[in-house]
$ cat start.cif   # mmCIF, C-alpha atoms
data_target
#
loop_
_atom_site.label_atom_id
_atom_site.label_comp_id
_atom_site.auth_asym_id
_atom_site.auth_seq_id
_atom_site.Cartn_x
_atom_site.Cartn_y
_atom_site.Cartn_z
CA MET A 81 -8.40 -18.60 12.34
CA ASP A 82 -7.27 -18.99 8.76
CA GLU A 83 -5.21 -16.28 7.08
CA PHE A 84 -4.34 -15.45 3.50
CA THR A 85 -1.43 -13.44 2.11
CA LEU A 86 -1.64 -11.01 -0.79
CA HIS A 87 1.89 -10.82 -2.24
CA PHE A 88 2.63 -7.96 -4.62
CA GLY A 89 3.41 -9.37 -8.04
CA ALA A 90 1.17 -12.44 -7.57
CA ARG A 91 -0.52 -13.54 -10.79
CA VAL A 92 -4.24 -12.84 -10.98
CA HIS A 93 -6.16 -15.60 -12.78
CA CYS A 94 -9.60 -15.06 -14.28
CA THR A 95 -11.93 -17.90 -15.27
CA ASP A 96 -10.51 -17.86 -18.81
CA ASP A 97 -6.90 -16.62 -18.59
CA ILE A 98 -4.33 -14.70 -16.54
CA PHE A 99 -5.34 -11.03 -16.40
CA GLY A 100 -2.24 -9.52 -14.79
CA ALA A 101 -0.46 -9.14 -11.45
CA LEU A 102 -1.37 -7.72 -8.06
CA SER A 103 0.25 -4.28 -7.81
CA LYS A 104 -1.54 -2.65 -4.85
CA VAL A 105 -3.95 -3.38 -2.01
CA ALA A 106 -6.53 -0.84 -0.76
CA ILE A 107 -7.21 -0.93 2.99
CA ASN A 108 -9.93 0.84 4.93
CA PRO A 109 -7.95 2.48 7.79
CA ASP A 110 -11.03 2.66 10.07
CA THR A 111 -12.13 -0.99 9.87
CA LEU A 112 -8.68 -2.37 8.86
CA GLN A 113 -10.39 -4.49 6.20
CA VAL A 114 -8.98 -5.17 2.76
CA ALA A 115 -11.29 -3.21 0.45
CA ASP A 116 -9.96 -3.77 -3.06
CA LEU A 117 -7.15 -5.34 -5.06
CA ILE A 118 -5.49 -3.28 -7.76
CA VAL A 119 -4.45 -5.50 -10.64
CA GLU A 120 -2.06 -4.29 -13.33
CA ASN A 121 -1.85 -5.66 -16.86
CA GLY A 122 -0.09 -4.80 -20.10
CA LEU A 123 3.58 -4.50 -21.00
CA LEU A 124 4.15 -1.06 -22.49
CA LEU A 125 0.75 0.50 -21.88
CA LYS A 126 0.06 -0.68 -18.35
CA ARG A 127 -3.41 -0.26 -16.91
CA SER A 128 -4.68 -1.04 -13.46
CA ARG A 129 -8.17 -2.20 -12.54
CA VAL A 130 -9.82 -2.05 -9.13
CA VAL A 131 -11.05 -5.53 -8.24
CA PRO A 132 -13.37 -5.84 -5.22
CA LEU A 133 -12.35 -8.61 -2.84
CA THR A 134 -15.82 -10.12 -3.32
CA LEU A 135 -14.72 -11.29 -6.82
CA VAL A 136 -11.90 -13.45 -5.38
CA SER A 137 -12.61 -17.17 -5.14
CA THR A 138 -9.21 -18.49 -3.99
CA ILE A 139 -5.88 -17.12 -2.84
CA ALA A 140 -3.13 -19.71 -3.23
CA GLU A 141 0.67 -19.93 -3.48
CA GLU A 142 0.51 -19.82 -7.28
CA GLY A 143 -1.77 -16.79 -7.45
CA ILE A 144 -5.12 -15.15 -6.91
CA TYR A 145 -8.18 -16.65 -8.62
CA LEU A 146 -11.21 -14.58 -9.57
CA THR A 147 -14.80 -15.62 -10.29
CA VAL A 148 -15.04 -13.48 -13.45
CA SER A 149 -13.54 -13.46 -16.96
CA CYS A 150 -10.78 -11.16 -18.25
CA ASP A 151 -13.36 -9.17 -20.22
CA GLU A 152 -15.35 -8.56 -17.04
CA VAL A 153 -12.25 -7.39 -15.17
CA ALA A 154 -11.43 -5.03 -18.05
CA GLN A 155 -14.83 -3.37 -17.45
CA LEU A 156 -14.07 -2.63 -13.76
CA PRO A 157 -13.03 0.92 -12.72
CA GLU A 158 -9.53 1.94 -13.76
CA PHE A 159 -7.10 2.91 -11.01
CA ARG A 160 -5.11 6.06 -11.68
CA GLU A 161 -2.70 7.91 -9.45
CA THR A 162 -1.47 11.42 -10.20
CA LYS A 163 0.67 13.79 -8.17
CA THR A 164 -0.08 17.49 -8.06
CA GLU A 165 1.61 20.37 -6.30
CA ARG A 166 -0.20 23.24 -4.63
CA PRO A 167 0.84 26.07 -2.30
CA VAL A 168 0.95 25.29 1.42
CA PRO A 169 -2.40 26.35 2.94
CA GLY A 170 -2.35 29.51 5.06
CA ASN A 171 0.99 30.67 3.71
CA GLY A 172 0.16 33.96 2.01
CA ALA A 173 3.67 35.33 1.78
CA ALA A 174 6.33 34.19 -0.62
CA VAL A 175 9.67 33.34 0.91
CA ASN A 176 13.02 34.25 -0.64
CA LEU A 177 15.47 31.72 0.76
CA ASP A 178 18.53 33.16 -0.96
CA THR A 179 19.29 36.85 -0.33
CA THR A 180 22.69 36.95 -2.04
CA TYR A 181 21.40 36.52 -5.60
CA ALA A 182 18.50 38.07 -7.40
CA THR A 183 16.06 35.18 -7.49
CA MET A 184 12.35 34.64 -7.80
CA PRO A 185 10.45 34.36 -4.51
CA VAL A 186 9.90 30.77 -3.40
CA VAL A 187 6.36 29.74 -2.54
CA PRO A 188 6.31 26.66 -0.26
CA MET A 189 4.50 23.81 -2.03
CA VAL A 190 2.96 20.55 -0.89
CA THR A 191 2.59 17.44 -3.06
CA GLU A 192 -0.80 15.73 -3.12
CA VAL A 193 -1.58 12.31 -4.54
CA VAL A 194 -4.95 12.09 -6.29
CA ARG A 195 -6.33 8.58 -6.77
CA GLU A 196 -9.15 7.62 -9.11
CA GLY A 197 -11.08 4.35 -8.97
CA VAL A 198 -10.93 3.84 -5.20
CA SER A 199 -12.65 5.50 -2.27
CA PRO A 200 -10.76 8.58 -0.98
CA GLU A 201 -10.82 7.09 2.54
CA VAL A 202 -8.75 4.00 1.74
CA LYS A 203 -4.99 3.74 2.08
CA VAL A 204 -3.25 2.10 -0.86
CA LEU A 205 -0.23 -0.09 -0.13
CA SER A 206 2.24 -1.22 -2.77
CA ALA A 207 5.75 -2.63 -3.02
CA HIS A 208 6.96 1.00 -2.80
CA THR A 209 5.29 1.67 0.56
CA ALA A 210 7.94 2.26 3.23
CA VAL A 211 7.77 0.64 6.67
CA GLN A 212 9.08 2.98 9.37
CA SER A 213 9.95 2.50 13.02
CA ASP A 214 11.63 4.73 15.61
CA GLU A 215 14.98 3.87 13.99
CA GLY A 216 13.86 4.98 10.51
CA THR A 217 12.85 3.01 7.42
CA ILE A 218 13.21 -0.73 7.98
CA GLY A 219 12.09 -1.89 4.54
CA LYS A 220 9.17 -1.95 2.13
CA VAL A 221 5.79 -3.68 2.19
CA HIS A 222 5.98 -6.99 0.32
CA GLY A 223 2.46 -8.21 1.03
CA VAL A 224 -0.59 -8.00 3.25
CA ASN A 225 -1.88 -10.73 5.57
CA ALA A 226 -5.60 -10.85 6.40
CA TRP A 227 -8.06 -13.10 8.22
CA THR A 228 -10.15 -15.22 5.86
CA ALA A 229 -13.37 -14.81 7.87
CA ASP A 230 -13.74 -11.02 7.87
CA LYS A 231 -10.92 -9.82 5.54
CA THR A 232 -9.38 -7.78 8.38
CA VAL A 233 -5.65 -7.12 8.10
CA SER A 234 -3.67 -9.33 10.49
CA GLY A 235 -0.24 -7.96 9.55
CA ILE A 236 2.11 -7.09 6.72
CA VAL A 237 5.00 -8.87 5.08
CA THR A 238 8.12 -6.69 4.84
CA ARG A 239 11.12 -6.93 2.55
CA GLN A 240 14.54 -5.43 3.18
CA GLY A 241 17.64 -5.47 1.02
CA VAL A 242 18.29 -5.74 -2.70
CA LEU A 243 20.89 -8.42 -3.42
CA PHE A 244 19.97 -10.73 -0.55
CA PRO A 245 16.51 -9.55 0.49
CA GLU A 246 15.08 -10.65 3.80
CA THR A 247 11.38 -10.91 4.47
CA GLY A 248 9.67 -10.59 7.80
CA MET A 249 6.20 -10.42 9.30
CA VAL A 250 4.84 -7.47 11.29
CA PRO A 251 1.64 -8.32 13.22
CA ILE A 252 -1.20 -5.78 13.25
CA HIS A 253 -0.73 -4.92 16.95
CA GLU A 254 2.72 -3.51 16.10
CA ILE A 255 1.32 -1.15 13.42
CA GLU A 256 0.39 2.34 14.58
CA ARG A 257 -1.11 3.59 11.31
CA PHE A 258 -1.35 3.09 7.57
CA GLY A 259 -0.40 6.18 5.57
CA ASP A 260 -0.46 6.92 1.87
CA ASP A 261 3.23 6.20 1.35
CA VAL A 262 4.22 4.67 4.67
CA VAL A 263 3.27 2.14 7.32
CA VAL A 264 4.27 3.48 10.74
CA LEU A 265 5.11 1.00 13.49
CA ARG A 266 4.34 1.61 17.16
CA SER A 267 7.13 2.93 19.35
CA ARG A 268 8.85 0.21 21.27
CA GLN A 269 8.85 1.05 24.92
CA PRO A 270 12.10 0.32 26.77
CA VAL A 271 11.87 -2.43 29.33
CA THR A 272 12.18 -1.03 32.84
CA SER A 273 12.95 -3.04 35.90
CA THR A 274 10.29 -3.08 38.61
CA LEU A 275 12.43 -4.93 41.13
CA ASN A 276 13.83 -3.12 44.13
CA GLU A 277 17.57 -3.10 44.20
#
$ encode --input "start.cif" --output "structure tokens"
Amino acid sequence: MDEFTLHFGARVHCTDDIFGALSKVAINPDTLQVADLIVENGLLLKRSRVVPLTLVSTIAEEGIYLTVSCDEVAQLPEFRETKTERPVPGNGAAVNLDTTYATMPVVPMVTEVVREGVSPEVKVLSAHTAVQSDEGTIGKVHGVNAWTADKTVSGIVTRQGVLFPETGMVPIHEIERFGDDVVVLRSRQPVTSTLNE
């Protein structure tokens, strides 16, 4: 089966010009299919557009090629991501963590990410998405691999390090789940001997 790789930062070419760069990939966590590409353009006033995978004609080393013009991409839904804080559900009482000073009561808060332009069910991966194993964070997502035939994720490309970054490939069978800010790898079971001593 043929695969393609969606590298973050890849140039996105329209039929008439370069529109921008791939900044995020939206994945349906139930079907594990790539749903949308999020393409960012602009220098100071950056905007992101949600591009359905059906508008992609070719994915090559030099970039991603679309079947539409830049003006048509500019008309696609805008992707926005905002963070909001709200009190932890079910926690009616305020907590004062410091009893030595007169302070305001502390209400436990939780941060929520609200995304516009994509389905609420999808998980959005970017170059800031952490990859975690039993040992902790092993790097960041650098790209997404998928099968050409059905657009199902076959694995992720990881990147670790700053000065001398190393990239690696994690196949889909080693991924436990895709989260909003993290890809969690399956626990590695220790090898046990089945031979009688």
$ closest_residue --input "start.cif" --among "A:Lys220, A:Leu86, A:Arg266, A:Leu146" --to "Ala207 of chain A" --atoms "only C-alpha atoms"
A:Lys220
$ closest_residue --input "start.cif" --among "A:Ser128, A:Asn108, A:Ala154, A:Phe84" --to "Val237 of chain A" --atoms "only C-alpha atoms"
A:Phe84
$ atom_distance --input "start.cif" --atom1 "atom CA of Leu117 of chain A" --atom2 "atom CA of Phe88 of chain A"
10.1 Å
$ closest_residue --input "start.cif" --among "A:Glu165, A:Asp230, A:Glu83, A:Asp214" --to "Glu256 of chain A" --atoms "all atoms listed in the file"
A:Asp214
$ closest_residue --input "start.cif" --among "A:Thr138, A:Leu124, A:Thr162, A:Arg91" --to "Glu196 of chain A" --atoms "only C-alpha atoms"
A:Thr162
$ residues_around --input "start.cif" --residues "segment 242-245 of chain A" --least-positions-apart "3" --cutoff "12 Å" --atoms "only C-alpha atoms" --output "NGL selection string"
:A and (219-220 or 222 or 238-239 or 248)
$ atom_distance --input "start.cif" --atom1 "atom CA of Phe159 of chain A" --atom2 "atom CA of Gly241 of chain A"
28.8 Å
$ resolve_selection --input "start.cif" --expression "the PyMOL selection byres ((chain A and resi 195) around 10)" --output "compact mmCIF listing (two decimals) with C-alpha atoms, keeping the file's coordinate frame"
# COMPACT_ATOMS: atom_id res chain seq x y z
CA PHE A 159 -7.10 2.91 -11.01
CA ARG A 160 -5.11 6.06 -11.68
CA GLU A 161 -2.70 7.91 -9.45
CA THR A 162 -1.47 11.42 -10.20
CA LYS A 163 0.67 13.79 -8.17
CA GLU A 192 -0.80 15.73 -3.12
CA VAL A 193 -1.58 12.31 -4.54
CA VAL A 194 -4.95 12.09 -6.29
CA GLU A 196 -9.15 7.62 -9.11
CA GLY A 197 -11.08 4.35 -8.97
CA VAL A 198 -10.93 3.84 -5.20
CA SER A 199 -12.65 5.50 -2.27
CA PRO A 200 -10.76 8.58 -0.98
CA VAL A 202 -8.75 4.00 1.74
CA VAL A 204 -3.25 2.10 -0.86
